[in-house]
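Chemist: Questions regarding the structure given below will be posed in turn.
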Amino acid sequence: MDRDETPGLRTSVLDSTVALSFAHRVRFTRRSLDPANPALREVFAHDAAVRDRRAVVVLDGGFAAANPAFDTQLRAYAAAHAPSMPALVETVVVPGGEAAKHDTRVADLVVELVERHRIDRKSFVIAVGGGAVLDAAGYGAAIAHRGVRLVRLPTTTLAQDDAAMGVKNGVNRFGKKNFVGAFAVPHAVLCDELLLATLPDAVFRAGFSEAVKIALLKDPALFAAIERDAARIAARELDAASPVIRASAHLHLRHIVDGGDPFEANEARPLDFGHWAAHRLESMSAHAVSHGDAVALGLLLDCRYSNLKGWLSDADHARIRAAISGLGLPMRHPLLADAGALLRGLEEFREHLGGRLTITMLRGIGQGFEVHELDAELVRRAAAELA
């Protein structure tokens, strides 16, 4: 419509709402590279022209070292299902862990591979690794041609129960977590519990901090299961651990898909419960503290803060501490003694979020709520107890 304003001037208003629809394909399976297992083939099945597509594979260096036969097995699977799979034109091994996100080198490499092999927008980047490799490779896929199809094969607990479900990709810059990145829905995610088999014990356990987080926010029954089976999960008993991984992934996925804000345009990000301090601890430690361990410490901090404020009961607070301890996750870290440095993370968190500061706290297990400011002295007290 046209609107008259100052005499002689007219503004044409063409405002519209853009509604987008994406398919978010997630599969959980076992023995995904056994040619008898159709799960990997089926994530490409909707594309009638898939035999004409090409794919590059980005492989986490830590996973590759522990699983030297993986690339051969992947190629054998692709050959066995050749009419239904893209052609695998090159596999590159990149640094695993947070080193993958220290700069844009992994993302730049993905862009170079897309150009070198003439990967078009309907062809694929297959990222195999932990959350950091998925983030960095996903960022490269998101910016090449403004978006090449990304298939994620997560190889860590944290990636399977949380990171791979998301639509975020990015790398760290200026000492800040995920400062540069892009939102892009993956073409598919395939989680195979056997890909976790070679993880070091500490890395396996660390991923369960995200399961505790989502259970505390959304599912008291899941928290009770984690609480009950914490020792068995820490001992890597898959009949206890696998249901928790899948339940956590499902809750993360449903929040993203059903929450109405997948690209985080609004202020509230409840899935970042415990993360304002976690991201700061990672930066303060130069990423010597892993993301999973940092989230455990961030949860302990925010739960103690909620307890000190009188929101969270002593009984629930004790249950949360016991569950985190039972999982073998860290219960304290000396960097938390530097509360001043820790608190500077609040402004970084607000900037990354946009708008006013929004932090999730707990009134009870399964009862999260939002606050827009923190009492610095209570944060200092809670942090000192955990240092």
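Residues are referred to by chain and number: the chain letter is A, B, ... according to the order shown in the structure tokens, the number counts from 1 in that chain, and ligands are numbered separately from 1 in the order shown.
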At a cut-off of 12 Å, can you tabulate as a Markdown table every residue of stretch 199-305 of chain A near stretch 12-23 of chain A together with its closest atom pair and the distance in Å to one decimal, using only C-alpha atoms and ordering rows by chain then number?

Modeler:
```
| residue | atom | partner | partner_atom | distance |
| --- | --- | --- | --- | --- |
| A:Ile256 | CA | A:Phe22 | CA | 11.9 |
| A:Val257 | CA | A:Phe22 | CA | 9.6 |
| A:Gly260 | CA | A:Ala19 | CA | 11.3 |
| A:Asp261 | CA | A:Leu20 | CA | 11.7 |
| A:Pro262 | CA | A:Phe22 | CA | 10.8 |
| A:Phe263 | CA | A:Leu20 | CA | 11.2 |
```

Chemist: Show me, as a ChimeraX atom specification, the residues that have an atom within 8 Å of stretch 238-247 of chain A when counting only C-alpha atoms, minus same-chain residues fewer than 5 positions from it.

Modeler: /A:28,157,160-161,193,208,211,222,225-226,229,232-233

Chemist: Can you write just those residues out, N, CA and C atoms, as a PDB file, in the first residue's frame?

Modeler:
```pdb
ATOM      1  N   PHE A  28      18.605 -42.845  13.962  1.00  0.00           N
ATOM      2  CA  PHE A  28      19.467 -43.555  14.908  1.00  0.00           C
ATOM      3  C   PHE A  28      19.532 -45.000  14.457  1.00  0.00           C
ATOM      4  N   THR A 157      29.336 -38.504  21.982  1.00  0.00           N
ATOM      5  CA  THR A 157      28.080 -38.490  22.728  1.00  0.00           C
ATOM      6  C   THR A 157      27.414 -37.135  22.630  1.00  0.00           C
ATOM      7  N   GLN A 160      25.850 -36.556  19.272  1.00  0.00           N
ATOM      8  CA  GLN A 160      24.648 -37.341  19.006  1.00  0.00           C
ATOM      9  C   GLN A 160      23.463 -36.895  19.864  1.00  0.00           C
ATOM     10  N   ASP A 161      23.715 -36.492  21.111  1.00  0.00           N
ATOM     11  CA  ASP A 161      22.566 -36.170  21.969  1.00  0.00           C
ATOM     12  C   ASP A 161      22.176 -34.704  21.919  1.00  0.00           C
ATOM     13  N   GLU A 193      25.397 -45.716  17.210  1.00  0.00           N
ATOM     14  CA  GLU A 193      25.993 -45.828  18.540  1.00  0.00           C
ATOM     15  C   GLU A 193      27.361 -46.497  18.495  1.00  0.00           C
ATOM     16  N   PHE A 208      27.044 -36.240  28.307  1.00  0.00           N
ATOM     17  CA  PHE A 208      25.804 -36.407  29.065  1.00  0.00           C
ATOM     18  C   PHE A 208      25.423 -35.153  29.851  1.00  0.00           C
ATOM     19  N   ALA A 211      22.473 -33.923  28.131  1.00  0.00           N
ATOM     20  CA  ALA A 211      21.272 -34.701  28.454  1.00  0.00           C
ATOM     21  C   ALA A 211      20.706 -34.277  29.804  1.00  0.00           C
ATOM     22  N   LEU A 222      13.047 -38.269  32.439  1.00  0.00           N
ATOM     23  CA  LEU A 222      14.369 -38.523  31.888  1.00  0.00           C
ATOM     24  C   LEU A 222      15.435 -38.219  32.930  1.00  0.00           C
ATOM     25  N   ALA A 225      15.705 -41.071  35.224  1.00  0.00           N
ATOM     26  CA  ALA A 225      16.415 -42.198  34.625  1.00  0.00           C
ATOM     27  C   ALA A 225      17.929 -41.971  34.659  1.00  0.00           C
ATOM     28  N   ILE A 226      18.350 -40.750  34.350  1.00  0.00           N
ATOM     29  CA  ILE A 226      19.781 -40.425  34.420  1.00  0.00           C
ATOM     30  C   ILE A 226      20.278 -40.576  35.854  1.00  0.00           C
ATOM     31  N   ASP A 229      20.525 -44.308  36.737  1.00  0.00           N
ATOM     32  CA  ASP A 229      21.489 -45.105  35.979  1.00  0.00           C
ATOM     33  C   ASP A 229      22.825 -44.400  35.785  1.00  0.00           C
ATOM     34  N   ARG A 232      25.964 -46.592  35.744  1.00  0.00           N
ATOM     35  CA  ARG A 232      25.996 -47.490  34.592  1.00  0.00           C
ATOM     36  C   ARG A 232      26.310 -46.722  33.313  1.00  0.00           C
ATOM     37  N   ILE A 233      25.770 -45.506  33.195  1.00  0.00           N
ATOM     38  CA  ILE A 233      26.075 -44.667  32.033  1.00  0.00           C
ATOM     39  C   ILE A 233      27.562 -44.333  32.013  1.00  0.00           C
TER      40      ILE A 233
END
```

Chemist: Which residue out of A:Ala278, A:Ala69, A:Leu297, A:Ala144 has the minimum interatomic distance to A:Leu346 when only C-alpha atoms are used?

Modeler: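 Answer, going by the shortest atom-to-atom distance: A:Ala278.
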
Chemist: One number please: atom CA of A:Lys168 to atom CA of A:Asp135, in Å, one decimal.

Modeler: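 Pair atom CA of A:Lys168 / atom CA of A:Asp135 returns 7.2 Å.
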
Chemist: Mind pulling up the distance from atom CA of A:Gly354 to atom CA of A:Arg280?

Modeler: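 Atom CA of A:Gly354 lies at a distance of 17.0 Å from atom CA of A:Arg280.
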
Chemist: List the neighbours of A:Asp120 out to 10 Å using only C-alpha atoms; skip same-chain residues closer than 3 positions along the sequence, and give me the result as a PyMOL selection string.

Modeler: chain A and resi 53-55+114-115+117+123-124+144-145+147-149

Chemist: Produce a file of the selected residues containing N, CA and C atoms, as a compact mmCIF listing (two decimals), in the first residue's frame.

Modeler:
```
# COMPACT_ATOMS: atom_id res chain seq x y z
N ARG A 53 24.89 -37.00 -8.28
CA ARG A 53 25.45 -36.07 -7.30
C ARG A 53 26.86 -36.50 -6.90
N ARG A 54 27.59 -35.56 -6.33
CA ARG A 54 28.93 -35.82 -5.84
C ARG A 54 28.99 -35.46 -4.36
N ALA A 55 29.95 -36.01 -3.64
CA ALA A 55 30.08 -35.71 -2.22
C ALA A 55 31.55 -35.69 -1.83
N VAL A 114 34.51 -27.83 -2.39
CA VAL A 114 33.30 -27.63 -3.20
C VAL A 114 33.67 -27.06 -4.57
N GLU A 115 34.60 -26.11 -4.59
CA GLU A 115 35.02 -25.51 -5.86
C GLU A 115 35.83 -26.50 -6.69
N HIS A 117 35.93 -29.77 -6.74
CA HIS A 117 35.22 -30.94 -7.27
C HIS A 117 33.88 -30.57 -7.92
N SER A 123 24.47 -31.20 -4.35
CA SER A 123 25.38 -32.26 -3.96
C SER A 123 25.73 -32.09 -2.49
N PHE A 124 26.73 -32.84 -1.99
CA PHE A 124 26.81 -33.05 -0.55
C PHE A 124 28.21 -32.81 0.03
N ALA A 144 29.28 -22.04 1.04
CA ALA A 144 29.61 -22.38 -0.35
C ALA A 144 28.32 -22.42 -1.16
N HIS A 145 28.29 -21.69 -2.25
CA HIS A 145 27.08 -21.58 -3.07
C HIS A 145 25.87 -21.12 -2.25
N GLY A 147 24.92 -22.45 0.31
CA GLY A 147 24.32 -23.60 0.94
C GLY A 147 24.39 -24.87 0.12
N VAL A 148 25.34 -25.75 0.48
CA VAL A 148 25.44 -27.09 -0.10
C VAL A 148 24.83 -28.06 0.92
N ARG A 149 24.22 -29.12 0.43
CA ARG A 149 23.59 -30.08 1.34
C ARG A 149 24.62 -30.71 2.29
```

Chemist: Would you mind writing down, as a ChimeraX atom specification, each residue of stretch 151-367 of chain A that DSSP on the backbone assigns to helix (DSSP H, G or I)?

Modeler: /A:157-161,163-165,193-196,201-206,208-218,220-234,238-258,270-272,275-284,291-308,314-326,334-337,339-343,345-353

Chemist: Need to verify the contact set: A:Ser32, 9 Å, only C-alpha atoms, exclusion of same-chain residues closer than 3 positions in sequence. Can you return it as a ChimeraX atom specification?

Modeler: /A:29,35-40,190-192,194-195

Chemist: Leaving out A:His291 and any residue of its chain fewer than 5 positions from it, which residues lie within 10 Å of it when counting only C-alpha atoms, given as number ranges by chain?

Modeler: A: 97-98, 131-132, 158, 203, 206-207, 209-210, 275, 278-279, 281-282, 296-297

Chemist: How would the residues just chosen look if you wrote them out with C-alpha atoms as a PDB file, in the first residue's frame?

Modeler:
```pdb
ATOM      1  CA  GLY A  97      38.044 -31.143  18.939  1.00  0.00           C
ATOM      2  CA  GLU A  98      37.841 -27.419  19.497  1.00  0.00           C
ATOM      3  CA  GLY A 131      30.416 -31.358  17.399  1.00  0.00           C
ATOM      4  CA  ALA A 132      33.299 -28.995  16.641  1.00  0.00           C
ATOM      5  CA  LEU A 158      27.632 -34.740  22.828  1.00  0.00           C
ATOM      6  CA  VAL A 203      34.795 -37.650  26.242  1.00  0.00           C
ATOM      7  CA  ALA A 206      31.146 -35.343  28.919  1.00  0.00           C
ATOM      8  CA  GLY A 207      28.327 -35.471  26.399  1.00  0.00           C
ATOM      9  CA  SER A 209      25.919 -32.905  30.537  1.00  0.00           C
ATOM     10  CA  GLU A 210      23.666 -31.850  27.654  1.00  0.00           C
ATOM     11  CA  HIS A 275      25.862 -22.122  28.815  1.00  0.00           C
ATOM     12  CA  ALA A 278      30.202 -22.737  30.095  1.00  0.00           C
ATOM     13  CA  HIS A 279      31.196 -20.681  27.065  1.00  0.00           C
ATOM     14  CA  LEU A 281      34.994 -21.172  31.000  1.00  0.00           C
ATOM     15  CA  GLU A 282      35.983 -22.606  27.640  1.00  0.00           C
ATOM     16  CA  ALA A 296      28.386 -29.555  33.614  1.00  0.00           C
ATOM     17  CA  LEU A 297      30.106 -26.789  35.576  1.00  0.00           C
TER      18      LEU A 297
END
```

Chemist: Would you please extract all strand (DSSP E) residues from stretch 198-380 of chain A, as assigned by DSSP on the backbone, and give them as a PyMOL selection string?

Modeler: chain A and resi 359-364+367-371

Chemist: Would you mind exporting N, CA and C atoms of the selected residues as a PDB file, in the first residue's frame?

Modeler:
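See again-v3.pdb below for the written result:
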```
ATOM      1  N   ILE A 359      18.575 -15.291  30.731  1.00  0.00           N
ATOM      2  CA  ILE A 359      19.215 -16.476  31.298  1.00  0.00           C
ATOM      3  C   ILE A 359      18.129 -17.401  31.833  1.00  0.00           C
ATOM      4  N   THR A 360      18.259 -18.692  31.591  1.00  0.00           N
ATOM      5  CA  THR A 360      17.319 -19.667  32.135  1.00  0.00           C
ATOM      6  C   THR A 360      17.793 -20.129  33.504  1.00  0.00           C
ATOM      7  N   MET A 361      16.869 -20.173  34.453  1.00  0.00           N
ATOM      8  CA  MET A 361      17.123 -20.702  35.791  1.00  0.00           C
ATOM      9  C   MET A 361      16.077 -21.770  36.109  1.00  0.00           C
ATOM     10  N   LEU A 362      16.186 -22.392  37.288  1.00  0.00           N
ATOM     11  CA  LEU A 362      15.279 -23.482  37.660  1.00  0.00           C
ATOM     12  C   LEU A 362      14.462 -23.145  38.903  1.00  0.00           C
ATOM     13  N   ARG A 363      13.176 -23.504  38.844  1.00  0.00           N
ATOM     14  CA  ARG A 363      12.331 -23.516  40.042  1.00  0.00           C
ATOM     15  C   ARG A 363      12.150 -24.935  40.569  1.00  0.00           C
ATOM     16  N   GLY A 364      12.484 -25.880  39.746  1.00  0.00           N
ATOM     17  CA  GLY A 364      12.376 -27.286  40.101  1.00  0.00           C
ATOM     18  C   GLY A 364      12.794 -28.108  38.913  1.00  0.00           C
ATOM     19  N   GLN A 367      11.276 -27.434  35.529  1.00  0.00           N
ATOM     20  CA  GLN A 367      10.618 -26.128  35.656  1.00  0.00           C
ATOM     21  C   GLN A 367      11.624 -25.001  35.455  1.00  0.00           C
ATOM     22  N   GLY A 368      11.989 -24.782  34.211  1.00  0.00           N
ATOM     23  CA  GLY A 368      12.853 -23.657  33.899  1.00  0.00           C
ATOM     24  C   GLY A 368      12.070 -22.377  33.727  1.00  0.00           C
ATOM     25  N   PHE A 369      12.725 -21.252  33.963  1.00  0.00           N
ATOM     26  CA  PHE A 369      12.112 -19.950  33.727  1.00  0.00           C
ATOM     27  C   PHE A 369      13.217 -18.950  33.427  1.00  0.00           C
ATOM     28  N   GLU A 370      12.827 -17.792  32.924  1.00  0.00           N
ATOM     29  CA  GLU A 370      13.804 -16.820  32.440  1.00  0.00           C
ATOM     30  C   GLU A 370      13.980 -15.656  33.403  1.00  0.00           C
ATOM     31  N   VAL A 371      15.225 -15.196  33.512  1.00  0.00           N
ATOM     32  CA  VAL A 371      15.530 -13.973  34.246  1.00  0.00           C
ATOM     33  C   VAL A 371      16.339 -13.072  33.313  1.00  0.00           C
TER      34      VAL A 371
END
```

Chemist: From the list A:Ser248, A:Thr72, A:Asn67, A:Ser84, which residue is nearest A:Ala159 when using only C-alpha atoms?

Modeler: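 Comparing A:Ser248, A:Thr72, A:Asn67, A:Ser84 against A:Ala159, the winner is A:Ser248.
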
Chemist: Which polymer residues have any atom within 6 Å of an atom of A:Arg304, counting only C-alpha atoms, with same-chain residues fewer than 3 positions away left out, as a list of chain:residue names?

Modeler: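 Skipping anything fewer than 3 positions along the chain leaves A:Leu301, A:Asn307, A:Ala382.
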
Chemist: As a PyMOL selection string, please: the residues near A:Arg205 (cut-off 9 Å, only C-alpha atoms, same-chain neighbours under 5 positions excluded).

Modeler: chain A and resi 157-158+200+233-236+292-293+327-329

Chemist: Name the closest residue to A:Val110 among the candidates A:Ala64, A:Met85, A:Leu59, A:Val43; distances are taken between atoms, counting only C-alpha atoms.

Modeler: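 Ranking A:Ala64, A:Met85, A:Leu59, A:Val43 by distance to A:Val110, first place goes to A:Leu59.
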